[in-house]
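Below is one structure, written out as C-alpha cells, with a few remarks after it.
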Amino acid sequence: QVQLVESGGGLVQAGDSLRLSCAVSGGTLRRYSMGWFRQAPGKEREFVAAINWTGVDTNYADSVKGRFTISRDNAKNTVSLQMNNLKPEDTAVYYCAANSGTYYTASSRRNTYNYWGQGTQVTVSS
C-alpha cells in the first residue's frame, strides 16, 4: 500500500518562501506521476502543480505559475514543492497525491490521483 507523508508546512509572512516535501513509501516513485493540491477553509480542493514520472513534464495552476516549482527525486522517493513569494491567498492545507494510472502525464484532474497524503498546513499572514 502506497503511503504519502507531507512535511514542511508552517506559518510565514507574505513574501516568504516554504518548501514542502512528500515522502513516498510502499511503492516505487518512478511508477507514479505526482501532484500537489490545496484546500482552503470552505473551498473545494484545487490543483496546484503536477509532475510526470520522468520529471520532464510539469503543470501549474495559473495562480502559482512563476512562484511555485515542483520537483522529484526518484532515487529518494520524494517530491517537493518550492513556494516563493507566498501570498495570504496561498493559505490552505496542501496535499500530495500519486497517480499510478496515467503516470506519463502531469495531470491537473483530481480524479486521476489514487493515493493521497494527510496534508500539511500552510498559513501566510499579511
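Scheme for the C-alpha cells: letters A, B, ... for chains in order shown; per-chain residue numbers from 1; ligand numbers from 1 in order shown.
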Just asking: which residues within range 1-125 of chain A are helix (DSSP H, G or I) according to DSSP, as an MDAnalysis selection string?
chainID A and resid 29:31 88:90 110:112
Output file for the residues above (N, CA, C and O atoms, as an mmCIF file, in the first residue's frame):
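File produced: result37.cif:
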```
data_model
loop_
_atom_site.group_PDB
_atom_site.id
_atom_site.type_symbol
_atom_site.label_atom_id
_atom_site.label_comp_id
_atom_site.auth_asym_id
_atom_site.auth_seq_id
_atom_site.Cartn_x
_atom_site.Cartn_y
_atom_site.Cartn_z
ATOM 1 N N LEU A 29 8.534 5.336 -6.612
ATOM 2 C CA LEU A 29 8.059 6.648 -7.030
ATOM 3 C C LEU A 29 8.031 6.798 -8.542
ATOM 4 O O LEU A 29 7.134 7.433 -9.093
ATOM 5 N N ARG A 30 8.970 6.179 -9.231
ATOM 6 C CA ARG A 30 9.053 6.414 -10.667
ATOM 7 C C ARG A 30 7.848 5.824 -11.413
ATOM 8 O O ARG A 30 7.657 6.093 -12.597
ATOM 9 N N ARG A 31 7.034 5.028 -10.734
ATOM 10 C CA ARG A 31 5.846 4.472 -11.373
ATOM 11 C C ARG A 31 4.633 5.388 -11.256
ATOM 12 O O ARG A 31 3.531 5.012 -11.658
ATOM 13 N N PRO A 88 -1.152 35.706 1.082
ATOM 14 C CA PRO A 88 -2.181 35.240 2.030
ATOM 15 C C PRO A 88 -3.177 34.274 1.376
ATOM 16 O O PRO A 88 -3.646 33.347 2.038
ATOM 17 N N GLU A 89 -3.464 34.464 0.105
ATOM 18 C CA GLU A 89 -4.399 33.572 -0.582
ATOM 19 C C GLU A 89 -3.827 32.175 -0.844
ATOM 20 O O GLU A 89 -4.549 31.283 -1.297
ATOM 21 N N ASP A 90 -2.556 31.968 -0.538
ATOM 22 C CA ASP A 90 -1.964 30.625 -0.631
ATOM 23 C C ASP A 90 -2.245 29.807 0.633
ATOM 24 O O ASP A 90 -1.907 28.614 0.685
ATOM 25 N N ARG A 110 -8.170 16.061 -10.347
ATOM 26 C CA ARG A 110 -8.118 15.413 -9.033
ATOM 27 C C ARG A 110 -8.470 13.935 -9.110
ATOM 28 O O ARG A 110 -7.879 13.112 -8.405
ATOM 29 N N ASN A 111 -9.396 13.578 -9.979
ATOM 30 C CA ASN A 111 -9.856 12.191 -10.000
ATOM 31 C C ASN A 111 -8.892 11.230 -10.686
ATOM 32 O O ASN A 111 -9.158 10.022 -10.742
ATOM 33 N N THR A 112 -7.787 11.731 -11.199
ATOM 34 C CA THR A 112 -6.776 10.830 -11.766
ATOM 35 C C THR A 112 -5.791 10.345 -10.705
ATOM 36 O O THR A 112 -4.970 9.481 -10.970
#
```
What are the DSSP strand (DSSP E or B) residues of chain A, as a ChimeraX atom specification?
/A:3-7,10-13,18-25,33-39,46-51,58-60,68-73,78-83,92-99,115-116,120-125
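Among the candidates A:Phe47, A:Tyr32, A:Phe37, A:Tyr115, the residue lying nearest to Arg72 in chain A is A:Tyr32 (atoms considered: only C-alpha atoms).
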A:Ser71, A:Asn52, A:Ser7, A:Ser33 ranked by distance to Asn114 in chain A, top pick (using only C-alpha atoms)
A:Ser33
Give me the residues near Gly119 in chain A as a list of chain:residue names, where near means some atom within 6 Å (using only C-alpha atoms) and where sequence neighbours in that chain fewer than 5 positions away do not count.
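Close residues of Gly119 in chain A: A:Glu6, A:Val93, A:Tyr94, A:Tyr95.
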Which neighbours of Thr58 in chain A fall inside 12 Å, counting only C-alpha atoms, when residues of the same chain fewer than 3 positions from it are skipped, and could you give them as a list in words?
Ser33, Met34, Gly35, Trp36, Val48, Ala49, Ala50, Ile51, Asn52, Trp53, Thr54, Gly55, Ala61, Lys65, Phe68, Thr69, Ile70, Ser71, Arg72, Leu81, Tyr103, Tyr104, Thr105, Ala106, Ser107 and Ser108 of chain A
Please, what distance in Å, to one decimal, runs between CA of Leu18 in chain A and CA of Thr102 in chain A?
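Here the two named atoms are 28.6 Å from each other.
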Choose the residue, out of A:Val79, A:Val24, A:Leu11, A:Leu86, that has the smallest atom-to-atom separation from Arg67 in chain A; count only C-alpha atoms.
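Smallest distance to Arg67 in chain A is found for A:Leu86.
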Between A:Ala14, A:Ala75, A:Cys22, A:Val56, which residue has the minimum interatomic distance to Thr91 in chain A, considering only C-alpha atoms?
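The answer is A:Ala14, which sits nearest to Thr91 in chain A.
If only C-alpha atoms are the atoms counted, then among A:Ala92, A:Gly66, A:Val2, A:Gly26 the closest residue to Val124 in chain A is A:Ala92.
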Suppose you want the space between CA of Ser80 in chain A and CA of Ser126 in chain A; what is it in Å?
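Interatomic distance, CA of Ser80 in chain A to CA of Ser126 in chain A: 24.5 Å.
Distances from A:Val122, A:Ala23, A:Val64, A:Met83 to Leu4 in chain A were compared using only C-alpha atoms, and the smallest one belongs to A:Ala23.
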